[in-house]
Every structure is written in structure tokens, then in C-alpha cells.
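Next up, input.csv (CSV, C-alpha atoms):
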chain,number,residue,atom,x,y,z
A,1,MET,CA,23.1,25.8,66.7
A,2,THR,CA,22.4,26.5,63.1
A,3,ASP,CA,20.0,23.9,61.5
A,4,ARG,CA,21.8,22.9,58.3
A,5,LYS,CA,20.0,20.9,55.7
A,6,THR,CA,21.5,18.8,53.1
A,7,PRO,CA,20.8,19.5,49.4
A,8,ARG,CA,18.5,16.5,49.4
A,9,ALA,CA,16.5,17.9,52.2
A,10,ARG,CA,16.4,21.4,50.7
A,11,SER,CA,15.0,20.0,47.5
A,12,GLY,CA,12.1,18.4,49.3
A,13,GLY,CA,13.6,15.0,49.6
A,14,GLY,CA,12.8,14.1,46.0
A,15,GLY,CA,16.3,14.4,44.7
A,16,LEU,CA,17.3,15.7,41.2
A,17,LYS,CA,15.1,14.6,38.4
A,18,PRO,CA,16.5,14.1,34.9
A,19,SER,CA,15.3,16.7,32.4
A,20,ARG,CA,13.0,15.7,29.6
A,21,LEU,CA,13.2,16.9,26.0
A,22,ALA,CA,10.2,18.4,24.3
A,23,VAL,CA,9.0,16.8,21.1
A,24,ARG,CA,10.3,19.8,19.1
A,25,ASP,CA,13.7,19.4,20.7
A,26,ILE,CA,13.7,15.6,19.9
A,27,LEU,CA,12.9,16.3,16.3
A,28,ARG,CA,15.5,19.0,16.0
A,29,THR,CA,18.2,16.8,17.6
A,30,GLY,CA,17.3,13.9,15.3
A,31,ALA,CA,17.5,16.1,12.2
A,32,VAL,CA,21.0,17.3,13.0
A,33,GLY,CA,22.6,14.0,12.1
A,34,LEU,CA,20.7,13.9,8.8
A,35,ARG,CA,21.8,17.4,7.8
A,36,ALA,CA,25.4,16.6,8.5
A,37,ARG,CA,25.5,13.6,6.2
A,38,ARG,CA,23.3,14.5,3.3
A,39,THR,CA,24.7,12.3,0.6
A,40,ARG,CA,24.5,9.2,2.9
A,41,VAL,CA,21.0,10.2,3.8
A,42,VAL,CA,19.9,10.4,0.2
A,43,LEU,CA,21.4,7.1,-0.7
A,44,SER,CA,19.8,5.4,2.3
A,45,ALA,CA,16.4,7.0,1.7
A,46,LEU,CA,16.6,5.9,-1.9
A,47,GLY,CA,16.2,2.3,-1.0
A,48,ILE,CA,13.1,3.0,1.0
A,49,ALA,CA,11.8,5.2,-1.8
A,50,ILE,CA,12.2,2.5,-4.4
A,51,GLY,CA,10.3,-0.1,-2.3
A,52,ILE,CA,7.4,2.2,-1.5
A,53,ALA,CA,7.2,3.6,-5.0
A,54,THR,CA,7.0,0.0,-6.3
A,55,MET,CA,4.3,-0.9,-4.0
A,56,VAL,CA,2.2,2.2,-4.5
A,57,ALA,CA,2.6,2.0,-8.3
A,58,VAL,CA,1.7,-1.7,-8.4
A,59,VAL,CA,-1.5,-1.2,-6.3
A,60,GLY,CA,-2.4,2.0,-8.2
A,61,LEU,CA,-1.9,0.4,-11.7
A,62,SER,CA,-3.8,-2.7,-10.7
A,63,THR,CA,-6.7,-0.7,-9.3
A,64,SER,CA,-6.7,1.6,-12.3
A,65,SER,CA,-6.7,-1.3,-14.7
A,66,ARG,CA,-9.4,-3.1,-12.8
A,67,ALA,CA,-11.5,0.1,-12.7
A,68,ASP,CA,-11.1,0.4,-16.5
A,69,LEU,CA,-12.0,-3.2,-17.0
A,70,LEU,CA,-15.1,-2.9,-14.9
A,71,ALA,CA,-16.1,0.2,-16.8
A,72,ARG,CA,-15.6,-1.7,-20.1
A,73,LEU,CA,-17.8,-4.6,-18.8
A,74,ASP,CA,-20.5,-2.1,-17.8
A,75,ARG,CA,-20.3,-0.6,-21.2
A,76,LEU,CA,-20.2,-3.9,-23.1
A,77,GLY,CA,-22.6,-5.8,-20.8
A,78,THR,CA,-22.3,-9.2,-19.3
A,79,ASN,CA,-25.5,-10.5,-20.7
A,80,LEU,CA,-24.1,-11.7,-24.0
A,81,LEU,CA,-24.1,-15.5,-24.6
A,82,THR,CA,-22.7,-17.5,-27.5
A,83,ALA,CA,-23.7,-20.9,-28.7
A,84,GLU,CA,-21.2,-22.6,-31.0
A,85,ALA,CA,-21.5,-25.7,-33.1
A,86,GLY,CA,-19.3,-28.6,-31.9
A,87,GLN,CA,-18.6,-32.2,-32.5
A,88,ASP,CA,-20.3,-35.4,-31.5
A,89,ALA,CA,-18.7,-38.3,-29.6
A,90,LEU,CA,-17.2,-39.7,-32.8
A,91,GLY,CA,-15.5,-36.4,-33.7
A,92,ASN,CA,-18.0,-35.5,-36.5
A,93,ASP,CA,-19.0,-31.9,-36.9
A,94,VAL,CA,-22.6,-31.2,-36.0
A,95,PRO,CA,-23.8,-27.9,-37.6
A,96,LEU,CA,-26.4,-25.7,-36.1
A,97,PRO,CA,-29.7,-25.6,-38.0
A,98,LYS,CA,-30.4,-22.7,-40.3
A,99,SER,CA,-33.2,-21.7,-37.9
A,100,ALA,CA,-30.9,-21.5,-34.9
A,101,VAL,CA,-31.3,-17.7,-34.6
A,102,ALA,CA,-35.0,-17.7,-34.8
A,103,MET,CA,-35.2,-20.5,-32.2
A,104,ALA,CA,-32.9,-18.5,-29.9
A,105,GLU,CA,-35.2,-15.5,-30.2
A,106,ARG,CA,-38.1,-17.6,-29.0
A,107,ILE,CA,-36.6,-17.9,-25.5
A,108,GLY,CA,-38.6,-15.5,-23.4
A,109,PRO,CA,-35.9,-13.3,-21.8
A,110,VAL,CA,-33.9,-13.1,-25.1
A,111,ARG,CA,-33.9,-9.5,-26.5
A,112,HIS,CA,-31.7,-9.9,-29.5
A,113,ALA,CA,-30.1,-12.8,-31.4
A,114,THR,CA,-27.7,-12.9,-34.4
A,115,ALA,CA,-25.1,-15.2,-35.9
A,116,THR,CA,-21.9,-15.7,-37.8
A,117,ALA,CA,-20.7,-18.7,-39.8
A,118,GLU,CA,-17.3,-19.9,-41.0
A,119,VAL,CA,-16.9,-19.9,-44.8
A,120,ASP,CA,-14.3,-22.2,-46.4
A,121,THR,CA,-12.2,-19.8,-48.5
A,122,ARG,CA,-8.6,-18.5,-49.0
A,123,ILE,CA,-7.9,-14.9,-48.7
A,124,ARG,CA,-5.0,-13.1,-50.3
A,125,ARG,CA,-4.0,-9.5,-50.8
A,126,SER,CA,-3.9,-9.9,-54.6
A,127,ASP,CA,-3.9,-12.6,-57.2
A,128,VAL,CA,-0.1,-12.4,-57.5
A,129,VAL,CA,0.3,-13.7,-53.9
A,130,PRO,CA,0.6,-17.5,-53.8
A,131,GLU,CA,-2.5,-19.3,-52.6
A,132,GLU,CA,-0.8,-20.8,-49.6
A,133,ARG,CA,0.0,-17.4,-48.1
A,134,THR,CA,-3.3,-16.4,-46.5
A,135,ALA,CA,-1.9,-14.0,-43.9
A,136,GLY,CA,-3.8,-15.8,-41.2
A,137,VAL,CA,-7.1,-14.3,-42.2
A,138,THR,CA,-10.3,-16.3,-42.4
A,139,THR,CA,-13.7,-15.6,-43.9
A,140,GLN,CA,-17.0,-15.5,-41.9
A,141,ALA,CA,-20.5,-14.8,-43.0
A,142,ALA,CA,-22.2,-12.2,-40.8
A,143,ARG,CA,-25.7,-10.9,-40.3
A,144,THR,CA,-26.3,-7.2,-40.6
A,145,ASP,CA,-27.3,-6.9,-36.9
A,146,LEU,CA,-24.1,-8.4,-35.6
A,147,LEU,CA,-22.5,-5.1,-34.5
A,148,GLU,CA,-25.6,-4.1,-32.6
A,149,ALA,CA,-25.6,-7.3,-30.6
A,150,LEU,CA,-21.8,-7.2,-29.8
A,151,GLY,CA,-21.7,-3.5,-29.1
A,152,ALA,CA,-18.9,-3.1,-31.7
A,153,GLY,CA,-18.4,-0.3,-34.2
A,154,VAL,CA,-16.8,0.6,-37.5
A,155,ASP,CA,-13.5,2.4,-37.5
A,156,ARG,CA,-13.4,3.3,-41.2
A,157,GLY,CA,-16.0,2.9,-43.9
A,158,VAL,CA,-19.4,1.3,-43.3
A,159,TRP,CA,-20.9,-2.0,-42.0
A,160,LEU,CA,-22.9,-4.4,-44.1
A,161,ASN,CA,-26.5,-3.5,-44.9
A,162,ARG,CA,-29.4,-5.2,-46.7
A,163,ALA,CA,-28.0,-4.2,-50.1
A,164,SER,CA,-24.3,-4.9,-49.6
A,165,GLU,CA,-24.8,-8.2,-47.8
A,166,ARG,CA,-25.8,-9.6,-51.2
A,167,LEU,CA,-22.7,-8.3,-53.0
A,168,PRO,CA,-19.1,-9.4,-53.1
A,169,VAL,CA,-18.0,-6.9,-50.5
A,170,THR,CA,-16.4,-7.4,-47.1
A,171,VAL,CA,-15.7,-5.7,-43.8
A,172,LEU,CA,-12.4,-6.5,-42.2
A,173,GLY,CA,-11.5,-6.9,-38.6
A,174,SER,CA,-8.8,-4.6,-37.3
A,175,VAL,CA,-6.1,-7.2,-37.2
A,176,ALA,CA,-7.1,-8.7,-40.6
A,177,ALA,CA,-6.8,-5.2,-42.2
A,178,GLN,CA,-3.3,-4.9,-40.8
A,179,ARG,CA,-2.2,-8.3,-42.0
A,180,LEU,CA,-3.6,-7.7,-45.5
A,181,GLY,CA,-2.1,-4.2,-45.7
A,182,VAL,CA,-5.6,-2.6,-46.2
A,183,THR,CA,-5.7,0.9,-45.0
A,184,GLY,CA,-9.2,2.0,-45.9
A,185,PRO,CA,-12.4,1.2,-47.8
A,186,GLY,CA,-12.4,0.9,-51.5
A,187,GLU,CA,-9.4,-1.4,-51.7
A,188,LYS,CA,-9.7,-4.9,-53.0
A,189,ILE,CA,-8.7,-8.3,-51.7
A,190,VAL,CA,-8.9,-11.8,-53.3
A,191,VAL,CA,-11.3,-14.3,-51.7
A,192,ASP,CA,-10.7,-17.6,-53.5
A,193,ASP,CA,-10.3,-16.4,-57.1
A,194,ARG,CA,-12.7,-13.5,-56.8
A,195,TYR,CA,-11.9,-9.9,-56.1
A,196,VAL,CA,-13.9,-8.5,-53.2
A,197,VAL,CA,-14.2,-4.8,-52.3
A,198,VAL,CA,-13.5,-3.7,-48.8
A,199,VAL,CA,-16.3,-1.4,-47.6
A,200,GLY,CA,-15.2,-1.1,-43.9
A,201,ILE,CA,-12.7,-1.8,-41.2
A,202,LEU,CA,-14.0,-2.6,-37.7
A,203,ARG,CA,-12.7,-1.2,-34.4
A,204,PRO,CA,-11.3,-4.0,-32.1
A,205,VAL,CA,-14.2,-6.2,-30.9
A,206,GLU,CA,-13.5,-6.4,-27.2
A,207,LEU,CA,-16.1,-9.1,-26.3
A,208,VAL,CA,-15.2,-11.4,-29.3
A,209,PRO,CA,-11.6,-10.7,-30.3
A,210,THR,CA,-11.6,-13.6,-32.7
A,211,LEU,CA,-13.6,-11.4,-35.1
A,212,ASP,CA,-10.6,-9.0,-35.3
A,213,ARG,CA,-8.8,-11.5,-37.6
A,214,VAL,CA,-11.6,-12.3,-40.1
A,215,ALA,CA,-13.1,-10.9,-43.3
A,216,MET,CA,-16.9,-10.7,-42.9
A,217,ILE,CA,-19.3,-10.9,-45.8
A,218,GLY,CA,-23.1,-11.2,-45.9
A,219,PHE,CA,-24.9,-14.5,-45.6
A,220,PRO,CA,-26.6,-14.1,-49.0
A,221,ALA,CA,-23.3,-13.2,-50.7
A,222,ALA,CA,-21.5,-16.1,-49.0
A,223,GLU,CA,-24.1,-18.6,-50.4
A,224,ARG,CA,-24.1,-17.0,-53.9
A,225,TYR,CA,-20.4,-16.6,-54.5
A,226,PHE,CA,-18.5,-19.0,-52.2
A,227,GLY,CA,-20.7,-22.1,-51.8
A,228,PHE,CA,-21.8,-21.5,-48.2
A,229,ASP,CA,-24.5,-23.9,-47.0
A,230,GLY,CA,-26.3,-21.3,-44.8
A,231,HIS,CA,-25.7,-23.1,-41.4
A,232,PRO,CA,-24.5,-20.6,-38.7
A,233,THR,CA,-21.4,-21.6,-36.7
A,234,THR,CA,-22.0,-19.2,-33.7
A,235,VAL,CA,-25.2,-17.7,-32.4
A,236,PHE,CA,-24.9,-14.6,-30.3
A,237,GLU,CA,-27.8,-13.5,-28.0
A,238,ARG,CA,-28.5,-10.8,-25.6
A,239,SER,CA,-30.9,-11.3,-22.7
A,240,THR,CA,-31.9,-9.4,-19.5
A,241,ASP,CA,-29.1,-9.3,-16.9
A,242,ALA,CA,-31.2,-11.2,-14.3
A,243,SER,CA,-31.9,-14.1,-16.7
A,244,VAL,CA,-28.5,-14.8,-18.1
A,245,GLU,CA,-28.0,-18.0,-16.1
A,246,ASP,CA,-31.5,-19.3,-17.0
A,247,VAL,CA,-31.0,-18.6,-20.7
A,248,ALA,CA,-27.6,-20.3,-20.6
A,249,ALA,CA,-29.3,-23.4,-19.2
A,250,VAL,CA,-31.7,-23.8,-22.1
A,251,LEU,CA,-29.8,-22.2,-25.0
A,252,ALA,CA,-28.1,-25.3,-26.3
A,253,ARG,CA,-31.3,-27.4,-26.6
A,254,SER,CA,-33.1,-24.4,-28.0
A,255,VAL,CA,-30.8,-23.7,-30.9
A,256,ASN,CA,-30.1,-27.4,-31.7
A,257,PRO,CA,-32.8,-29.7,-30.4
A,258,GLY,CA,-31.7,-33.3,-30.1
A,259,HIS,CA,-28.0,-32.4,-30.4
A,260,GLU,CA,-27.6,-30.0,-27.4
A,261,GLY,CA,-24.6,-32.0,-26.2
A,262,THR,CA,-22.6,-30.8,-29.1
A,263,VAL,CA,-23.3,-27.1,-28.6
A,264,LYS,CA,-20.8,-25.0,-26.6
A,265,VAL,CA,-22.5,-22.2,-24.6
A,266,SER,CA,-20.2,-19.5,-23.1
A,267,ARG,CA,-20.3,-15.9,-21.9
A,268,PRO,CA,-17.6,-13.8,-23.6
A,269,SER,CA,-17.5,-11.3,-20.7
A,270,ASP,CA,-16.1,-14.1,-18.5
A,271,ALA,CA,-12.8,-13.9,-20.3
A,272,LEU,CA,-12.5,-10.2,-19.3
A,273,ALA,CA,-13.5,-11.1,-15.7
A,274,ALA,CA,-10.8,-13.8,-15.7
A,275,LYS,CA,-8.3,-11.3,-16.8
A,276,ALA,CA,-9.1,-9.3,-13.7
A,277,THR,CA,-8.4,-12.4,-11.6
A,278,THR,CA,-5.1,-12.9,-13.4
A,279,ASP,CA,-4.2,-9.3,-12.7
A,280,GLU,CA,-4.8,-9.8,-9.0
A,281,GLY,CA,-2.3,-12.7,-8.9
A,282,LEU,CA,0.2,-10.6,-10.7
A,283,THR,CA,-0.4,-7.7,-8.3
A,284,ALA,CA,0.3,-9.9,-5.3
A,285,LEU,CA,3.6,-11.0,-6.9
A,286,MET,CA,4.7,-7.5,-7.6
A,287,LEU,CA,3.7,-6.4,-4.1
A,288,GLY,CA,6.0,-9.2,-2.8
A,289,LEU,CA,8.9,-7.8,-4.9
A,290,GLY,CA,8.1,-4.3,-3.6
A,291,ALA,CA,8.2,-5.6,0.0
A,292,VAL,CA,11.6,-7.2,-0.7
A,293,ALA,CA,12.9,-3.8,-2.0
A,294,LEU,CA,11.5,-2.1,1.1
A,295,LEU,CA,13.3,-4.7,3.3
A,296,VAL,CA,16.5,-4.0,1.5
A,297,GLY,CA,16.0,-0.3,2.0
A,298,GLY,CA,15.4,-1.0,5.8
A,299,VAL,CA,18.7,-2.9,6.0
A,300,GLY,CA,20.4,0.1,4.3
A,301,VAL,CA,18.9,2.4,7.0
A,302,ALA,CA,20.0,0.2,9.8
A,303,ASN,CA,23.5,0.1,8.3
A,304,THR,CA,23.6,3.9,8.1
A,305,MET,CA,22.5,4.2,11.7
A,306,VAL,CA,25.1,1.8,13.0
A,307,ILE,CA,27.8,3.7,11.1
A,308,SER,CA,26.4,6.9,12.5
A,309,VAL,CA,26.7,5.7,16.1
A,310,LEU,CA,30.3,4.6,15.5
A,311,GLU,CA,31.3,7.9,14.0
A,312,ARG,CA,29.5,10.0,16.7
A,313,ARG,CA,30.8,8.3,19.8
A,314,GLN,CA,32.4,11.4,21.1
A,315,GLU,CA,29.3,13.4,20.6
A,316,ILE,CA,27.3,10.7,22.5
A,317,GLY,CA,29.9,10.8,25.3
A,318,LEU,CA,29.7,14.5,25.6
A,319,ARG,CA,26.0,14.6,25.8
A,320,ARG,CA,26.0,11.9,28.5
A,321,ALA,CA,28.7,13.8,30.4
A,322,ILE,CA,26.6,17.0,30.6
A,323,GLY,CA,23.5,15.1,31.7
A,324,ALA,CA,21.7,13.4,28.8
A,325,THR,CA,20.0,10.2,29.9
A,326,ARG,CA,20.2,6.9,28.1
A,327,ASN,CA,16.6,7.4,27.1
A,328,ALA,CA,17.4,10.7,25.5
A,329,ILE,CA,20.1,9.1,23.5
A,330,ARG,CA,17.8,6.3,22.4
A,331,LEU,CA,15.2,8.8,21.4
A,332,GLN,CA,17.7,10.9,19.4
A,333,PHE,CA,18.8,7.9,17.2
A,334,LEU,CA,15.3,6.5,16.9
A,335,THR,CA,14.1,9.8,15.8
A,336,GLU,CA,16.9,10.1,13.3
A,337,SER,CA,16.1,6.7,11.9
A,338,LEU,CA,12.4,7.5,11.7
A,339,LEU,CA,13.0,10.8,9.9
A,340,LEU,CA,15.3,9.1,7.4
A,341,SER,CA,12.7,6.4,6.7
A,342,ALA,CA,9.9,9.0,6.5
A,343,LEU,CA,11.9,11.0,4.0
A,344,GLY,CA,12.3,7.9,1.8
A,345,GLY,CA,8.7,6.9,2.3
A,346,LEU,CA,7.4,10.3,1.3
A,347,ALA,CA,9.6,10.3,-1.8
A,348,GLY,CA,8.4,6.8,-2.6
A,349,VAL,CA,4.7,7.8,-2.3
A,350,VAL,CA,5.2,10.8,-4.6
A,351,LEU,CA,7.2,8.7,-7.2
A,352,GLY,CA,4.7,5.8,-7.1
A,353,SER,CA,1.8,8.2,-7.6
A,354,LEU,CA,3.5,10.0,-10.5
A,355,ALA,CA,4.4,6.7,-12.2
A,356,THR,CA,0.8,5.5,-11.8
A,357,TRP,CA,-0.6,8.7,-13.2
A,358,ALA,CA,1.7,8.7,-16.2
A,359,PHE,CA,1.1,5.1,-17.1
A,360,ALA,CA,-2.7,5.4,-16.7
A,361,LEU,CA,-2.7,8.5,-18.8
A,362,ALA,CA,-0.8,6.7,-21.6
A,363,GLN,CA,-3.3,3.8,-21.5
A,364,GLY,CA,-6.3,6.1,-21.4
A,365,TRP,CA,-7.3,4.9,-17.9
A,366,THR,CA,-8.7,6.8,-15.0
A,367,THR,CA,-6.0,7.1,-12.4
A,368,VAL,CA,-7.2,5.3,-9.2
A,369,ILE,CA,-4.9,5.1,-6.2
A,370,PRO,CA,-6.5,3.8,-3.0
A,371,ALA,CA,-6.0,5.9,0.1
A,372,TRP,CA,-5.0,2.8,2.0
A,373,ALA,CA,-2.1,2.2,-0.4
A,374,LEU,CA,-0.7,5.6,0.3
A,375,ALA,CA,-1.3,5.5,4.1
A,376,GLY,CA,-0.1,1.9,4.3
A,377,GLY,CA,3.0,2.6,2.3
A,378,PHE,CA,4.0,5.5,4.4
A,379,GLY,CA,3.1,3.6,7.6
A,380,ALA,CA,5.3,0.7,6.5
A,381,THR,CA,8.3,3.1,6.2
A,382,LEU,CA,7.7,4.2,9.8
A,383,VAL,CA,7.7,0.6,11.0
A,384,ILE,CA,10.8,-0.1,9.0
A,385,GLY,CA,12.5,3.0,10.4
A,386,MET,CA,11.6,2.0,14.0
A,387,LEU,CA,13.0,-1.5,13.5
A,388,ALA,CA,16.0,-0.4,11.6
A,389,GLY,CA,16.9,2.2,14.3
A,390,LEU,CA,16.2,0.2,17.4
A,391,TYR,CA,19.5,-1.7,17.7
A,392,PRO,CA,21.7,1.3,16.8
A,393,ALA,CA,19.7,3.5,19.3
A,394,ILE,CA,20.1,0.9,22.1
A,395,ARG,CA,23.8,0.5,21.3
A,396,ALA,CA,24.3,4.3,21.4
A,397,SER,CA,22.5,4.6,24.8
A,398,ARG,CA,24.8,1.9,26.4
A,399,LEU,CA,28.0,3.7,25.6
A,400,HIS,CA,29.8,4.8,28.8
A,401,PRO,CA,30.6,8.5,28.7
A,402,THR,CA,34.3,8.0,29.6
A,403,VAL,CA,34.8,5.3,26.9
A,404,ALA,CA,32.9,7.4,24.3
A,405,LEU,CA,34.9,10.6,25.0
A,406,ASN,CA,38.2,8.7,24.7
A,407,ALA,CA,37.2,7.1,21.4
A,408,SER,CA,39.4,8.3,18.5
Once you've parsed the file, please lay out its structure as C-alpha cells.
Amino acid sequence: MTDRKTPRARSGGGGLKPSRLAVRDILRTGAVGLRARRTRVVLSALGIAIGIATMVAVVGLSTSSRADLLARLDRLGTNLLTAEAGQDALGNDVPLPKSAVAMAERIGPVRHATATAEVDTRIRRSDVVPEERTAGVTTQAARTDLLEALGAGVDRGVWLNRASERLPVTVLGSVAAQRLGVTGPGEKIVVDDRYVVVVGILRPVELVPTLDRVAMIGFPAAERYFGFDGHPTTVFERSTDASVEDVAAVLARSVNPGHEGTVKVSRPSDALAAKATTDEGLTALMLGLGAVALLVGGVGVANTMVISVLERRQEIGLRRAIGATRNAIRLQFLTESLLLSALGGLAGVVLGSLATWAFALAQGWTTVIPAWALAGGFGATLVIGMLAGLYPAIRASRLHPTVALNAS
């Protein structure tokens, strides 16, 4: 008798095994749906792109701004301290002694000390301007070594020297020049009832921005022409970096012995450092907004995939009927969702980087975009794509071939 074997026996008893798609085939199958619906793909990817571009730009601009700020701090130095005259417990003004600068220089680690002083005057552009219209510009007496101590510079004209500090001439801060309408040296303004010649205009003083709004004259000229009493209002000193805290602890009682409680000691660079902290808080807020935009984009991708499953039920039924497994269907739609999100993420990374570069260039900053921001942004799109495509993929894989083929 002929020994007949069943198909199962002839195959070695293992039965038929479902075929498996190669990675290349999975990617090609997932890309088919995207190519067939290009407009919808672009609109869906746009939501992802906006979210990623926002996050990359926020991180890039914040990092670039912080890098520029740190570079400015390195250039300007964090070793500048100020000691300002204050008031006693009764609210009476307590001036610094005339020897305050000399006493500050006696502190061991101090390398340089200088001072400014408020002068009670009214400044006008000309004598035809009413006295009450001062343009918000005040007068201060300044020593000739002030710019050296502050790391400031002159934009136009010259700074005070040993000759001009005794004459009725002034150097205007950048904002003061704008408010008075002075465009260059040689012009005159009225201080009280006396014409004073402008010999220079300063660049913005980053460490002490209050000086941008004042007109500075020499100590001797202030005493001779405007009744100044010679007492400084603010003492500036530079010390070694390592000794800033030690100098700050003794500066008040050194410049005004017996009245140290009325002296306000501060470090101007702390204001710039505080700005960096404020920027960090704003960055966190903007990142939150970017995350919301990314979430909205993910919802758009999920909606696109659900509609795609509904529109392609006959295709799904046909593939199931010719042997495609549920896992193959799931992989197809998950891949399609991932490709859609990756497309939006890549566009977002490029747009965010370009926006950061353009803005940083306009501000004169060095463009700094952390690698983790680019990698994290793109990685977030893949996670969003996976989550957005999970439900549509499972729904597609559960469609019965017969029902799917009969769908209209």
C-alpha cells in the first residue's frame, strides 16, 4: 500500500509559518499611504513641525542669549562693587566723606576705586525750553578714571581729562544724548542757566545703566560752577575676583566709618546674572507652550491615521485575505504614523534652527543650539508618532477580511 503523507507531515510537522516583512518592505509599505495623500500629510506634519520648531527655537535662543550674557560678564568682570550713600533711621541723607575713594583704595585687595556724585541742577536743550522740561536727564560729577573702572567707552568725542574736568563741559550718556537731541560733540546744552559744551557721548554702560541717562561733568567744574559740595554719592571699586566677598564685607565701614549702616553695597554684575535666571523661567514657560503645540500636532496625526484606516478598509481586507497577518497590518500603520511624525519633526528641527540662527545674527549673538535639543526634539516626534498611531494600527489589525472587503 502506498504510504501517503498529509501536507502537515510532508512539511515536517511544523505547519505553515506566516511570512515576515523585511524592514525595507515595512518602510515602503508605510510610505505608500503618505504618498497617496500628500496634502493631508503636509497639513498633519505641519502641526508637529510647529511644536518642534518652537521648542528648538526657544532652547536655542535661550542658550545663545545666556552664552552672550556670560561672555559679557567675562568681559565686564564680576569684581566691581558699588557703595552708595543712603539714609539713617530718621530718613536723613548721610553723605559719604570726601575721602571715601582714598579709604576704599586702602583695602588690601582693591585695585582701583573711583566715584560719581549727584549734582542738583536742571538740564535743558536750550534757554528757550521751559525750566520744568528737563527731558529726564540729571547731572553727575565724575572722576576722570571712571570709564576705566567700569569698562565703559566713548562712542563719539572724548572723555573728561585733567584739563576738561575743570571746565564747563560735559559727556552725555547714550540715552541722555537721545533725549536732549544731541548728535555729536561740539553742541551745547543748558545746565541751570549756563551753557555747557558737549565733548563726548558714551556707549551704553552695561554694568551701570543708570549712567546712560545723565550728563557728567568733572568734580572741580561741578564745585566751581554749580555749587557742588564735593561729597561723592557712589564709590566704585575693582578688586581681585577671589576677594570680592571679603571686600564687600568691609567696604561700607571703610568708606564711611561710624555710619556703615547707611551705606548700600552691591555688585552690578548681579543684575545681569539675575537676568539669566529670569530668562530660564521664561524658557520653561515657552517650552511648555511648545509642548502644547506638539501635543496638538500629535492629535492631528492620530486623527489623520484614524481617517486613513476608515478610507482604506478594502485595502486592509485584501491584504488580510492574501495572507497578511494582524501584526503586519499593525506594523504598516505604525510605520506610516512614525514616518508622518518624523517628517514633521525633521521640518521642525530645520525651521527652529533657522529661526534661532536668524534671530541670533540680528542680535549679534553667537548661535548656540544644544545637541540634546535637536535630538530630544526629534525623539519626541517619534514618541508622539508611536502614541498617535497605536490606536489606529490596532483598529486596522482587528478588521475582519470579509467585513473589510465588503465595506463601501
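In this comparison, which uses all atoms listed in the file, the residue of A:Arg125, A:Arg203, A:Lys98, A:Lys188 approaching A:Asp229 most closely is A:Lys98.
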Counting only C-alpha atoms, note down every residue that has an atom within 8 Å of the point (-9.7, -12.5, -58.9) (file coordinates), as a ChimeraX atom specification. /A:126-127,190-195
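Checking A:Leu331, A:Leu294, A:Ala135, A:Ala102 one by one against A:Gly389, counting all atoms listed in the file, you find the shortest gap at A:Leu331.
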Residues near A:Ser164, cut-off 9 Å, all atoms listed in the file, skip fewer than 4 positions along chain, as a count of residues only: 9
Applying 10 Å and all atoms listed in the file, which residues near stretch 374-376 of chain A remain after dropping the ones on its own chain fewer than 6 positions away? List them as a PyMOL selection string. chain A and resi 52-53+55-57+59-60+345-346+348-350+352-353+382
